[in-house]
file structure.cif (mmCIF, C-alpha atoms)
data_protein
loop_
_atom_site.label_atom_id
_atom_site.label_comp_id
_atom_site.auth_asym_id
_atom_site.auth_seq_id
_atom_site.Cartn_x
_atom_site.Cartn_y
_atom_site.Cartn_z
CA MET T 1 -5.46 11.49 15.22
CA SER T 2 -4.54 11.03 18.83
CA ILE T 3 -0.75 10.79 18.66
CA THR T 4 0.78 13.89 20.19
CA ALA T 5 4.32 15.11 20.52
CA SER T 6 5.84 13.46 23.54
CA ARG T 7 9.39 14.72 23.15
CA VAL T 8 10.80 18.16 22.59
CA GLU T 9 14.38 17.27 21.69
CA PRO T 10 15.74 18.21 18.27
CA SER T 11 14.69 15.85 15.52
CA ILE T 12 16.59 12.65 14.81
CA ALA T 13 14.70 12.07 11.58
CA GLY T 14 16.99 11.15 8.73
CA VAL T 15 16.41 11.62 5.00
CA GLY T 16 15.34 7.97 4.78
CA ASP T 17 12.49 8.61 7.21
CA TYR T 18 11.14 11.40 5.03
CA ILE T 19 11.45 9.20 1.95
CA GLU T 20 9.56 6.43 3.78
CA LEU T 21 6.88 9.00 4.63
CA MET T 22 6.27 9.46 0.91
CA LYS T 23 5.36 5.76 0.44
CA PRO T 24 7.87 5.07 -2.37
CA ARG T 25 6.15 1.87 -3.55
CA VAL T 26 2.81 3.66 -3.99
CA MET T 27 4.69 6.52 -5.63
CA SER T 28 6.26 4.17 -8.17
CA LEU T 29 2.84 2.78 -9.13
CA VAL T 30 1.43 6.31 -9.45
CA VAL T 31 4.34 7.41 -11.64
CA PHE T 32 4.07 4.30 -13.80
CA THR T 33 0.33 4.68 -14.45
CA ALA T 34 0.78 8.42 -15.08
CA LEU T 35 3.57 7.64 -17.55
CA VAL T 36 1.22 5.32 -19.43
CA GLY T 37 -1.51 7.99 -19.49
CA LEU T 38 1.07 10.43 -20.80
CA SER T 39 2.45 8.13 -23.46
CA ILE T 40 -0.91 7.04 -24.94
CA ALA T 41 -1.94 10.69 -25.33
CA PRO T 42 -1.99 12.06 -28.88
CA GLY T 43 0.59 14.59 -30.05
CA HIS T 44 4.15 15.16 -28.97
CA LEU T 45 5.28 16.38 -25.59
CA HIS T 46 8.88 17.52 -25.14
CA PRO T 47 10.74 14.95 -22.99
CA VAL T 48 11.79 17.63 -20.49
CA ILE T 49 8.18 18.73 -19.97
CA ALA T 50 7.10 15.08 -19.70
CA LEU T 51 9.81 14.45 -17.09
CA THR T 52 8.77 17.58 -15.21
CA ALA T 53 5.16 16.36 -15.16
CA LEU T 54 6.21 12.95 -13.83
CA ILE T 55 8.40 14.49 -11.12
CA CYS T 56 5.51 16.72 -10.00
CA ILE T 57 3.08 13.78 -10.00
CA ALA T 58 5.59 11.70 -7.98
CA VAL T 59 6.08 14.49 -5.44
CA GLY T 60 2.32 15.05 -5.25
CA ALA T 61 1.80 11.34 -4.54
CA GLY T 62 4.53 11.56 -1.89
CA ALA T 63 2.75 14.52 -0.32
CA ALA T 64 -0.50 12.56 -0.13
CA GLY T 65 1.37 9.64 1.46
CA ALA T 66 3.01 11.90 4.05
CA LEU T 67 -0.29 13.56 4.97
CA ASN T 68 -1.92 10.13 5.20
CA MET T 69 0.81 8.93 7.59
CA TRP T 70 0.46 12.13 9.64
CA TYR T 71 -3.28 11.65 10.11
CA ASP T 72 -3.25 7.88 10.48
CA ALA T 73 -0.35 7.67 12.95
CA ASP T 74 -2.67 6.36 15.69
CA ILE T 75 -3.99 3.58 13.42
CA ASP T 76 -0.49 2.75 12.14
CA ALA T 77 0.77 2.34 15.71
CA ARG T 78 -1.83 -0.39 16.36
CA MET T 79 -1.21 -2.40 13.19
CA THR T 80 1.68 -4.86 12.85
CA ARG T 81 2.16 -4.00 9.17
CA THR T 82 2.57 -0.27 9.84
CA ALA T 83 3.90 -0.01 13.41
CA ALA T 84 7.48 0.57 12.21
CA ARG T 85 6.56 3.64 10.12
CA PRO T 86 8.48 6.79 11.06
CA ILE T 87 5.80 8.48 13.22
CA PRO T 88 4.56 5.51 15.30
CA ALA T 89 8.19 4.38 15.67
CA GLY T 90 9.02 7.81 17.16
CA ARG T 91 11.60 8.84 14.57
CA LEU T 92 9.46 11.70 13.27
CA LEU T 93 7.04 14.05 15.01
CA PRO T 94 3.51 14.34 13.55
CA GLY T 95 4.05 18.07 13.04
CA GLU T 96 7.16 17.41 10.97
CA ALA T 97 5.22 15.03 8.73
CA LEU T 98 2.36 17.52 8.37
CA ALA T 99 4.71 20.36 7.40
CA PHE T 100 6.57 18.11 4.97
CA GLY T 101 3.36 16.86 3.34
CA LEU T 102 1.82 20.32 2.98
CA THR T 103 5.04 21.77 1.52
CA LEU T 104 5.33 18.99 -1.05
CA ALA T 105 1.64 19.24 -1.95
CA VAL T 106 1.82 23.00 -2.60
CA PHE T 107 5.12 22.78 -4.50
CA SER T 108 4.05 19.86 -6.71
CA VAL T 109 0.75 21.48 -7.73
CA VAL T 110 2.21 24.96 -8.28
CA VAL T 111 5.22 23.72 -10.27
CA LEU T 112 3.01 21.45 -12.41
CA GLY T 113 0.71 24.41 -13.09
CA LEU T 114 3.58 26.76 -13.92
CA LEU T 115 5.72 24.46 -16.04
CA VAL T 116 3.22 22.05 -17.62
CA ASN T 117 -0.43 23.11 -17.59
CA ILE T 118 -3.22 24.11 -15.26
CA VAL T 119 -5.59 21.19 -16.02
CA ALA T 120 -2.95 18.66 -14.94
CA ALA T 121 -2.18 20.75 -11.83
CA ALA T 122 -5.88 20.97 -10.93
CA LEU T 123 -6.24 17.19 -11.30
CA LEU T 124 -3.18 16.64 -9.10
CA ALA T 125 -4.64 18.96 -6.47
CA VAL T 126 -7.96 17.06 -6.62
CA THR T 127 -6.09 13.74 -6.27
CA ILE T 128 -4.14 14.86 -3.20
CA GLY T 129 -7.24 16.50 -1.66
CA PHE T 130 -9.42 13.46 -2.32
CA TYR T 131 -6.88 11.05 -0.86
CA VAL T 132 -6.25 13.09 2.26
CA LEU T 133 -9.60 14.74 2.99
CA VAL T 134 -12.12 12.24 1.61
CA TYR T 135 -10.34 8.88 1.99
CA THR T 136 -7.96 9.35 4.94
CA MET T 137 -9.88 11.77 7.12
CA TRP T 138 -13.43 10.66 6.36
CA LEU T 139 -14.07 7.32 4.67
CA LYS T 140 -11.27 5.17 6.09
CA ARG T 141 -12.63 5.28 9.65
CA THR T 142 -16.33 5.33 8.87
CA THR T 143 -17.31 2.87 6.14
CA PRO T 144 -16.28 -0.48 4.62
CA GLN T 145 -16.66 1.26 1.25
CA ASN T 146 -13.55 3.31 2.18
CA ILE T 147 -11.26 1.76 -0.41
CA VAL T 148 -13.98 1.58 -3.06
CA ILE T 149 -14.65 5.33 -3.10
CA GLY T 150 -11.17 6.29 -1.89
CA GLY T 151 -9.72 4.23 -4.74
CA ALA T 152 -10.66 7.07 -7.08
CA ALA T 153 -7.60 8.98 -5.82
CA GLY T 154 -5.26 6.17 -6.82
CA ALA T 155 -7.02 5.84 -10.18
CA LEU T 156 -6.51 9.46 -11.25
CA PRO T 157 -2.78 9.43 -12.27
CA PRO T 158 -3.39 8.22 -15.89
CA LEU T 159 -5.79 11.15 -16.28
CA ILE T 160 -3.15 13.54 -14.90
CA GLY T 161 -0.56 12.10 -17.30
CA TRP T 162 -2.93 12.49 -20.26
CA ALA T 163 -3.83 16.04 -19.14
CA ALA T 164 -0.12 16.91 -18.86
CA ALA T 165 0.30 15.95 -22.52
CA THR T 166 -2.91 17.38 -23.96
CA GLY T 167 -4.25 19.97 -21.52
CA SER T 168 -7.58 18.11 -21.42
CA VAL T 169 -9.15 14.78 -20.47
CA ALA T 170 -10.74 12.16 -22.72
CA ILE T 171 -12.37 8.72 -22.75
CA GLU T 172 -9.07 6.81 -23.20
CA PRO T 173 -7.51 7.77 -19.84
CA PHE T 174 -10.95 7.60 -18.23
CA VAL T 175 -11.10 3.90 -19.12
CA LEU T 176 -7.71 3.48 -17.42
CA PHE T 177 -9.16 5.34 -14.43
CA LEU T 178 -12.00 2.79 -14.34
CA VAL T 179 -9.55 -0.12 -14.59
CA ILE T 180 -7.62 1.06 -11.50
CA PHE T 181 -10.87 2.03 -9.74
CA PHE T 182 -12.31 -1.50 -10.10
CA TRP T 183 -8.92 -3.11 -9.44
CA THR T 184 -8.48 -1.42 -6.04
CA PRO T 185 -11.25 -3.21 -4.05
CA PRO T 186 -10.35 -6.82 -4.90
CA HIS T 187 -6.66 -5.96 -4.41
CA PHE T 188 -7.09 -4.50 -0.92
CA TRP T 189 -9.83 -6.91 0.16
CA ALA T 190 -7.56 -9.83 -0.75
CA LEU T 191 -4.96 -8.27 1.58
CA SER T 192 -7.52 -7.60 4.29
CA LEU T 193 -8.66 -11.24 4.22
CA TYR T 194 -5.46 -12.28 5.98
CA ARG T 195 -4.93 -8.97 7.82
CA SER T 196 -8.44 -8.61 9.21
CA GLU T 197 -7.29 -8.99 12.83
CA ASP T 198 -4.85 -6.14 12.32
CA TYR T 199 -7.60 -3.91 10.91
CA ALA T 200 -10.03 -4.92 13.69
CA ARG T 201 -7.44 -4.05 16.36
CA ALA T 202 -6.90 -0.65 14.76
CA GLY T 203 -10.66 -0.03 14.49
CA VAL T 204 -10.63 0.32 10.71
CA PRO T 205 -13.98 -0.88 9.29
CA MET T 206 -12.57 -2.95 6.44
CA LEU T 207 -15.08 -5.24 4.75
CA PRO T 208 -13.94 -8.52 6.45
CA VAL T 209 -14.17 -6.80 9.85
CA VAL T 210 -17.63 -5.34 9.29
CA ALA T 211 -19.37 -7.75 6.89
CA GLY T 212 -17.33 -10.92 7.41
CA ILE T 213 -14.97 -13.06 5.39
CA THR T 214 -17.69 -14.69 3.24
CA GLU T 215 -19.11 -11.39 2.04
CA THR T 216 -15.58 -10.13 1.30
CA ARG T 217 -14.87 -13.21 -0.84
CA ARG T 218 -18.15 -12.63 -2.72
CA GLN T 219 -17.28 -8.96 -3.33
CA ILE T 220 -13.79 -9.90 -4.57
CA LEU T 221 -15.41 -12.26 -7.08
CA LEU T 222 -17.97 -9.66 -8.22
CA TYR T 223 -15.35 -6.94 -8.72
CA SER T 224 -13.09 -9.39 -10.57
CA PHE T 225 -15.95 -10.19 -12.98
CA ILE T 226 -16.28 -6.46 -13.71
CA LEU T 227 -12.53 -5.86 -13.87
CA ALA T 228 -11.60 -8.63 -16.33
CA PRO T 229 -13.61 -7.27 -19.32
CA LEU T 230 -12.82 -3.69 -18.32
CA GLY T 231 -9.10 -4.53 -18.47
CA ALA T 232 -9.56 -5.51 -22.12
CA ALA T 233 -11.59 -2.37 -22.94
CA PRO T 234 -8.62 -0.39 -24.40
CA TRP T 235 -8.37 -3.15 -27.03
CA PHE T 236 -12.14 -3.24 -27.70
CA LEU T 237 -12.14 0.54 -28.02
CA GLY T 238 -9.29 0.40 -30.52
CA TYR T 239 -6.52 2.32 -28.81
CA ALA T 240 -4.49 -0.74 -27.85
CA GLY T 241 -3.25 -3.45 -30.21
CA PRO T 242 -3.79 -7.21 -30.31
CA LEU T 243 -0.78 -7.91 -28.05
CA TYR T 244 -2.43 -5.87 -25.33
CA GLY T 245 -5.75 -7.59 -26.05
CA VAL T 246 -4.30 -11.09 -25.68
CA VAL T 247 -2.48 -10.22 -22.44
CA ALA T 248 -5.54 -8.46 -20.99
CA VAL T 249 -7.88 -11.37 -21.80
CA VAL T 250 -5.49 -14.07 -20.49
CA ALA T 251 -4.61 -12.11 -17.35
CA GLY T 252 -8.30 -11.27 -16.81
CA CYS T 253 -9.21 -14.98 -17.00
CA ALA T 254 -6.43 -15.78 -14.51
CA LEU T 255 -7.71 -13.05 -12.18
CA VAL T 256 -11.26 -14.43 -12.28
CA ALA T 257 -9.94 -17.98 -11.75
CA LEU T 258 -8.05 -16.81 -8.65
CA ALA T 259 -11.11 -14.93 -7.40
CA LEU T 260 -13.11 -18.15 -7.81
CA ARG T 261 -10.45 -19.96 -5.77
CA VAL T 262 -10.73 -17.30 -3.06
CA TRP T 263 -14.51 -17.87 -3.13
CA THR T 264 -14.36 -21.66 -2.94
CA GLU T 265 -11.30 -22.39 -0.77
CA ARG T 266 -12.25 -21.04 2.63
CA HIS T 267 -9.98 -23.01 4.92
CA ASP T 268 -6.79 -20.97 4.72
CA HIS T 269 -5.45 -17.65 3.49
CA ALA T 270 -3.31 -19.04 0.67
CA ALA T 271 -5.82 -18.10 -2.05
CA GLY T 272 -6.17 -14.56 -0.64
CA LYS T 273 -2.39 -14.10 -0.63
CA GLN T 274 -2.16 -15.39 -4.20
CA MET T 275 -4.97 -13.08 -5.27
CA PHE T 276 -3.23 -10.10 -3.65
CA GLY T 277 0.09 -10.92 -5.33
CA PHE T 278 -1.45 -11.59 -8.73
CA SER T 279 -3.56 -8.41 -8.65
CA ILE T 280 -0.31 -6.37 -8.53
CA LEU T 281 1.09 -8.33 -11.46
CA TYR T 282 -2.21 -7.96 -13.34
CA LEU T 283 -2.23 -4.16 -13.16
CA PHE T 284 1.47 -3.98 -13.99
CA LEU T 285 0.99 -6.23 -17.04
CA LEU T 286 -1.92 -4.21 -18.40
CA PHE T 287 -0.13 -0.87 -18.12
CA ALA T 288 3.22 -2.26 -19.29
CA MET T 289 1.53 -3.73 -22.37
CA LEU T 290 -0.12 -0.38 -23.11
CA LEU T 291 3.28 1.27 -22.87
CA VAL T 292 4.89 -1.35 -25.13
CA ASP T 293 1.98 -1.14 -27.54
CA ARG T 294 2.38 2.61 -27.85
CA THR T 295 6.16 3.01 -27.80
CA ALA T 296 7.37 -0.15 -29.59
CA PRO T 297 6.17 0.83 -33.12
CA ALA T 298 7.76 4.28 -32.81
CA LEU T 299 11.05 2.79 -31.57
CA PHE T 300 10.98 0.15 -34.31
CA SER T 301 10.45 2.71 -37.07
CA HIS T 302 13.11 4.96 -35.54
CA PHE T 303 15.76 2.22 -35.64
CA THR T 304 14.79 0.84 -39.04
CA ALA T 305 14.58 4.25 -40.75
CA MET M 1 37.21 32.11 44.33
CA THR M 2 35.17 35.28 43.74
CA MET M 3 31.36 35.44 43.67
CA SER M 4 31.29 36.18 39.91
CA ALA M 5 33.47 33.15 39.16
CA VAL M 6 31.05 30.91 41.06
CA MET M 7 28.09 32.35 39.12
CA ASN M 8 29.89 31.82 35.81
CA ASP M 9 30.60 28.20 36.71
CA GLU M 10 26.92 27.48 37.46
CA LYS M 11 25.57 29.18 34.33
CA PRO M 12 24.50 26.53 31.81
CA GLU M 13 25.66 26.80 28.23
CA PRO M 14 23.05 28.74 26.25
CA GLY M 15 20.99 26.95 23.56
CA ILE M 16 20.36 23.30 22.89
CA LYS M 17 23.34 21.00 22.64
CA LEU M 18 22.80 18.51 19.82
CA THR M 19 23.94 14.96 20.22
CA GLU M 20 26.17 13.41 17.57
CA ARG M 21 23.19 11.57 16.07
CA GLN M 22 21.05 14.72 15.97
CA GLN M 23 23.86 16.64 14.29
CA ARG M 24 24.29 13.97 11.64
CA ALA M 25 20.53 13.86 10.99
CA ARG M 26 20.33 17.66 10.73
CA ARG M 27 23.27 17.77 8.34
CA ALA M 28 21.71 15.07 6.12
CA ARG M 29 18.37 16.93 6.09
CA SER M 30 20.11 20.21 5.22
CA ILE M 31 21.95 18.60 2.31
CA ALA M 32 18.70 17.01 1.06
CA ILE M 33 16.92 20.39 1.17
CA ALA M 34 19.82 22.07 -0.66
CA VAL M 35 19.82 19.37 -3.36
CA SER M 36 16.02 19.64 -3.77
CA LEU M 37 16.20 23.41 -4.17
CA GLY M 38 19.09 23.05 -6.62
CA VAL M 39 17.07 20.55 -8.69
CA LEU M 40 14.10 22.95 -8.68
CA VAL M 41 16.27 25.84 -9.92
CA ILE M 42 17.81 23.68 -12.68
CA LEU M 43 14.35 22.39 -13.64
CA PHE M 44 12.99 25.94 -14.04
CA TYR M 45 16.09 26.94 -16.00
CA ILE M 46 15.88 24.01 -18.44
CA VAL M 47 12.11 24.32 -18.93
CA THR M 48 12.55 28.02 -19.66
CA LEU M 49 15.13 27.13 -22.33
CA VAL M 50 12.87 24.42 -23.78
CA LYS M 51 9.72 26.52 -23.88
CA GLY M 52 11.34 29.83 -24.71
CA PRO M 53 8.89 32.75 -24.55
CA ALA M 54 6.02 30.25 -24.38
CA VAL M 55 6.99 29.51 -20.78
CA LEU M 56 4.46 32.15 -19.75
CA VAL M 57 1.67 30.68 -21.91
CA ARG M 58 -0.49 28.31 -19.91
CA PRO M 59 -3.79 27.80 -21.71
CA LEU M 60 -6.51 25.90 -19.88
#
call {"tool": "encode", "arguments": {"input": "structure.cif", "output": "structure tokens"}}
result
Amino acid sequence: MSITASRVEPSIAGVGDYIELMKPRVMSLVVFTALVGLSIAPGHLHPVIALTALICIAVGAGAAGALNMWYDADIDARMTRTAARPIPAGRLLPGEALAFGLTLAVFSVVVLGLLVNIVAAALLAVTIGFYVLVYTMWLKRTTPQNIVIGGAAGALPPLIGWAAATGSVAIEPFVLFLVIFFWTPPHFWALSLYRSEDYARAGVPMLPVVAGITETRRQILLYSFILAPLGAAPWFLGYAGPLYGVVAVVAGCALVALALRVWTERHDHAAGKQMFGFSILYLFLLFAMLLVDRTAPALFSHFTA
Amino acid sequence: MTMSAVMNDEKPEPGIKLTERQQRARRARSIAIAVSLGVLVILFYIVTLVKGPAVLVRPL
């Protein structure tokens, strides 16, 4: 962190800048995966409590995003993709982002603990702490394994959702944790394949910068081989139906095929871009199918009763 | 013109004068904070109704 306050005038930051600080797109993915964790959990959770849990998880994710942008403002300023973010663009002071992030973090954890349960609140606190302290402040600037280990923070929301519903954790959401955990590296490495100059300029030791493009392509392929069967695991383990199984197997095969294309076609970035785009669709499909698988029978019986 | 009148003329207006843009931004932030606090109050109220006396029970 080397960005310092260069102006002392009153803030011009609008509400939109604070919303941008919370990384709304990441937030939406976090909320979606938490919702799936919550909906596959056994038992019944009152819709108001479920909504409360999701709001707290969303705000907690926003807090982590804000604290990440506070700490990484110097890196963001040097990267084309992130230079227009509120702090490097000068619309928000780092101190404002820090205060905002800390306030949201404390509120989200405390409210989740008070209104839902303490296990879910503790997991949310661990997620925020891991993302900010372990990934952002430590791993991101020191090792090409940054997104591998740091990916654990992004993989925790299904566990938080499950914990919000049950007050405990179990193997089912842990498998979803593993799916997101093994999805994160090929997803971000596919992006970094065609953004490696940006990362190099910012001094972030992403795999293509440190180990080269060839090694990154090999790692994408390896992780895709692990991810494809793991994606189908909820079906093998019996807590997702055949519809999920078919989608997971077909999408897993497509993912591996794209990873093979990334491995073989080394002349341009088209395969990397396709891999990045498809990886988002892949994760969305898996979790959407789990949601459909769990909620469709209940809705069907409700309307036919 | 008396000495005191001259001194009054030279005295700058106390405090920081916000520009139009800063005023608009501050007003928007204030409204957002008020709405957030309102949502929090309503959330606590509804959850208390939903949970009843169990609102204080938080088993690990």
call {"tool": "residues_around", "arguments": {"input": "structure.cif", "residues": "Leu38 in chain T", "least_positions_apart": "4", "cutoff": "8 Å", "atoms": "only C-alpha atoms", "output": "list in words"}}
result
Ala34, Ala50, Pro158, Ile160, Gly161, Trp162, Ala163, Ala164 and Ala165 of chain T
call {"tool": "atom_distance", "arguments": {"input": "structure.cif", "atom1": "CA of Val48 in chain T", "atom2": "CA of Ala28 in chain M"}}
result
28.5 Å
call {"tool": "interface_residues", "arguments": {"input": "structure.cif", "of": "chain M", "to": "chain T", "cutoff": "9 Å", "atoms": "all atoms listed in the file", "output": "PyMOL selection string"}}
result
chain M and resi 16+18+21-26+28-29+32+43-44+46-48+50-51+55-60
call {"tool": "write_last_selection", "arguments": {"input": "structure.cif", "atoms": "C-alpha atoms", "output": "mmCIF file, keeping the file's coordinate frame"}}
result
data_model
loop_
_atom_site.group_PDB
_atom_site.id
_atom_site.type_symbol
_atom_site.label_atom_id
_atom_site.label_comp_id
_atom_site.auth_asym_id
_atom_site.auth_seq_id
_atom_site.Cartn_x
_atom_site.Cartn_y
_atom_site.Cartn_z
ATOM 1 C CA ILE M 16 20.360 23.300 22.890
ATOM 2 C CA LEU M 18 22.800 18.510 19.820
ATOM 3 C CA ARG M 21 23.190 11.570 16.070
ATOM 4 C CA GLN M 22 21.050 14.720 15.970
ATOM 5 C CA GLN M 23 23.860 16.640 14.290
ATOM 6 C CA ARG M 24 24.290 13.970 11.640
ATOM 7 C CA ALA M 25 20.530 13.860 10.990
ATOM 8 C CA ARG M 26 20.330 17.660 10.730
ATOM 9 C CA ALA M 28 21.710 15.070 6.120
ATOM 10 C CA ARG M 29 18.370 16.930 6.090
ATOM 11 C CA ALA M 32 18.700 17.010 1.060
ATOM 12 C CA LEU M 43 14.350 22.390 -13.640
ATOM 13 C CA PHE M 44 12.990 25.940 -14.040
ATOM 14 C CA ILE M 46 15.880 24.010 -18.440
ATOM 15 C CA VAL M 47 12.110 24.320 -18.930
ATOM 16 C CA THR M 48 12.550 28.020 -19.660
ATOM 17 C CA VAL M 50 12.870 24.420 -23.780
ATOM 18 C CA LYS M 51 9.720 26.520 -23.880
ATOM 19 C CA VAL M 55 6.990 29.510 -20.780
ATOM 20 C CA LEU M 56 4.460 32.150 -19.750
ATOM 21 C CA VAL M 57 1.670 30.680 -21.910
ATOM 22 C CA ARG M 58 -0.490 28.310 -19.910
ATOM 23 C CA PRO M 59 -3.790 27.800 -21.710
ATOM 24 C CA LEU M 60 -6.510 25.900 -19.880
#
call {"tool": "closest_residue", "arguments": {"input": "structure.cif", "among": "T:Gly241, T:Pro205, T:Pro185, T:Pro234", "to": "Arg218 in chain T", "atoms": "all atoms listed in the file"}}
result
T:Pro185
call {"tool": "resolve_selection", "arguments": {"input": "structure.cif", "expression": "the PyMOL selection byres ((chain T and resi 134-142) around 9)", "output": "list of chain:residue names"}}
result
T:Leu67, T:Asn68, T:Tyr71, T:Asp72, T:Gly129, T:Phe130, T:Tyr131, T:Val132, T:Leu133, T:Thr143, T:Pro144, T:Gln145, T:Asn146, T:Ile147, T:Ile149, T:Gly150, T:Gly151, T:Ala153, T:Gly203, T:Val204, T:Pro205, T:Met206
call {"tool": "atom_distance", "arguments": {"input": "structure.cif", "atom1": "CA of Ala105 in chain T", "atom2": "CA of Glu20 in chain T"}}
result
16.1 Å
call {"tool": "atom_distance", "arguments": {"input": "structure.cif", "atom1": "CA of Arg195 in chain T", "atom2": "CA of Leu258 in chain T"}}
result
18.5 Å
call {"tool": "closest_residue", "arguments": {"input": "structure.cif", "among": "T:Leu54, T:Val256, T:Ala270, T:Val36", "to": "Leu290 in chain T", "atoms": "all atoms listed in the file"}}
result
T:Val36
call {"tool": "resolve_selection", "arguments": {"input": "structure.cif", "expression": "the PyMOL selection byres ((chain T and resi 212) around 12)", "output": "PDB file with C-alpha atoms, in the coordinates of the input"}}
result
ATOM      1  CA  PRO T 144     -16.280  -0.480   4.620  1.00  0.00           C
ATOM      2  CA  TRP T 189      -9.830  -6.910   0.160  1.00  0.00           C
ATOM      3  CA  SER T 192      -7.520  -7.600   4.290  1.00  0.00           C
ATOM      4  CA  LEU T 193      -8.660 -11.240   4.220  1.00  0.00           C
ATOM      5  CA  SER T 196      -8.440  -8.610   9.210  1.00  0.00           C
ATOM      6  CA  GLU T 197      -7.290  -8.990  12.830  1.00  0.00           C
ATOM      7  CA  ALA T 200     -10.030  -4.920  13.690  1.00  0.00           C
ATOM      8  CA  PRO T 205     -13.980  -0.880   9.290  1.00  0.00           C
ATOM      9  CA  MET T 206     -12.570  -2.950   6.440  1.00  0.00           C
ATOM     10  CA  LEU T 207     -15.080  -5.240   4.750  1.00  0.00           C
ATOM     11  CA  PRO T 208     -13.940  -8.520   6.450  1.00  0.00           C
ATOM     12  CA  VAL T 209     -14.170  -6.800   9.850  1.00  0.00           C
ATOM     13  CA  VAL T 210     -17.630  -5.340   9.290  1.00  0.00           C
ATOM     14  CA  ALA T 211     -19.370  -7.750   6.890  1.00  0.00           C
ATOM     15  CA  ILE T 213     -14.970 -13.060   5.390  1.00  0.00           C
ATOM     16  CA  THR T 214     -17.690 -14.690   3.240  1.00  0.00           C
ATOM     17  CA  GLU T 215     -19.110 -11.390   2.040  1.00  0.00           C
ATOM     18  CA  THR T 216     -15.580 -10.130   1.300  1.00  0.00           C
ATOM     19  CA  ARG T 217     -14.870 -13.210  -0.840  1.00  0.00           C
ATOM     20  CA  ARG T 218     -18.150 -12.630  -2.720  1.00  0.00           C
ATOM     21  CA  GLN T 219     -17.280  -8.960  -3.330  1.00  0.00           C
TER      22      GLN T 219
END
call {"tool": "resolve_selection", "arguments": {"input": "structure.cif", "expression": "the PyMOL selection byres ((chain T and resi 63) around 6)", "output": "list in words"}}
result
Gly60, Ala61, Gly62, Ala64, Gly65, Ala66, Gly101, Leu104 and Ala105 of chain T
call {"tool": "residues_around", "arguments": {"input": "structure.cif", "residues": "Ala257 in chain T", "least_positions_apart": "4", "cutoff": "10 Å", "atoms": "all atoms listed in the file", "output": "number ranges by chain"}}
result
T: 221, 224-225, 251-253, 261-263, 275
call {"tool": "closest_residue", "arguments": {"input": "structure.cif", "among": "T:Ala41, T:Met79, T:Leu93, T:Leu112", "to": "Phe174 in chain T", "atoms": "all atoms listed in the file"}}
result
T:Ala41
call {"tool": "decode", "arguments": {"input": "structure.cif", "residues": "range 252-263 of chain T", "atoms": "N, CA and C atoms", "output": "mmCIF file, in the first residue's frame"}}
result
data_model
loop_
_atom_site.group_PDB
_atom_site.id
_atom_site.type_symbol
_atom_site.label_atom_id
_atom_site.label_comp_id
_atom_site.auth_asym_id
_atom_site.auth_seq_id
_atom_site.Cartn_x
_atom_site.Cartn_y
_atom_site.Cartn_z
ATOM 1 N N GLY T 252 -18.432 -30.608 -17.725
ATOM 2 C CA GLY T 252 -17.065 -30.991 -17.339
ATOM 3 C C GLY T 252 -16.259 -31.400 -18.562
ATOM 4 N N CYS T 253 -16.889 -32.180 -19.465
ATOM 5 C CA CYS T 253 -16.198 -32.591 -20.705
ATOM 6 C C CYS T 253 -15.857 -31.363 -21.557
ATOM 7 N N ALA T 254 -16.805 -30.415 -21.628
ATOM 8 C CA ALA T 254 -16.567 -29.190 -22.407
ATOM 9 C C ALA T 254 -15.417 -28.386 -21.802
ATOM 10 N N LEU T 255 -15.381 -28.355 -20.472
ATOM 11 C CA LEU T 255 -14.306 -27.616 -19.778
ATOM 12 C C LEU T 255 -12.938 -28.227 -20.097
ATOM 13 N N VAL T 256 -12.862 -29.565 -20.022
ATOM 14 C CA VAL T 256 -11.597 -30.247 -20.316
ATOM 15 C C VAL T 256 -11.214 -30.040 -21.788
ATOM 16 N N ALA T 257 -12.224 -30.085 -22.677
ATOM 17 C CA ALA T 257 -11.941 -29.869 -24.106
ATOM 18 C C ALA T 257 -11.357 -28.476 -24.333
ATOM 19 N N LEU T 258 -11.927 -27.485 -23.642
ATOM 20 C CA LEU T 258 -11.408 -26.115 -23.786
ATOM 21 C C LEU T 258 -10.000 -25.995 -23.199
ATOM 22 N N ALA T 259 -9.782 -26.678 -22.069
ATOM 23 C CA ALA T 259 -8.452 -26.647 -21.453
ATOM 24 C C ALA T 259 -7.420 -27.291 -22.383
ATOM 25 N N LEU T 260 -7.854 -28.339 -23.094
ATOM 26 C CA LEU T 260 -6.958 -28.974 -24.073
ATOM 27 C C LEU T 260 -6.652 -28.021 -25.218
ATOM 28 N N ARG T 261 -7.658 -27.241 -25.600
ATOM 29 C CA ARG T 261 -7.449 -26.235 -26.662
ATOM 30 C C ARG T 261 -6.460 -25.167 -26.203
ATOM 31 N N VAL T 262 -6.619 -24.753 -24.939
ATOM 32 C CA VAL T 262 -5.678 -23.765 -24.377
ATOM 33 C C VAL T 262 -4.261 -24.340 -24.419
ATOM 34 N N TRP T 263 -4.157 -25.653 -24.139
ATOM 35 C CA TRP T 263 -2.852 -26.324 -24.081
ATOM 36 C C TRP T 263 -2.224 -26.453 -25.460
#
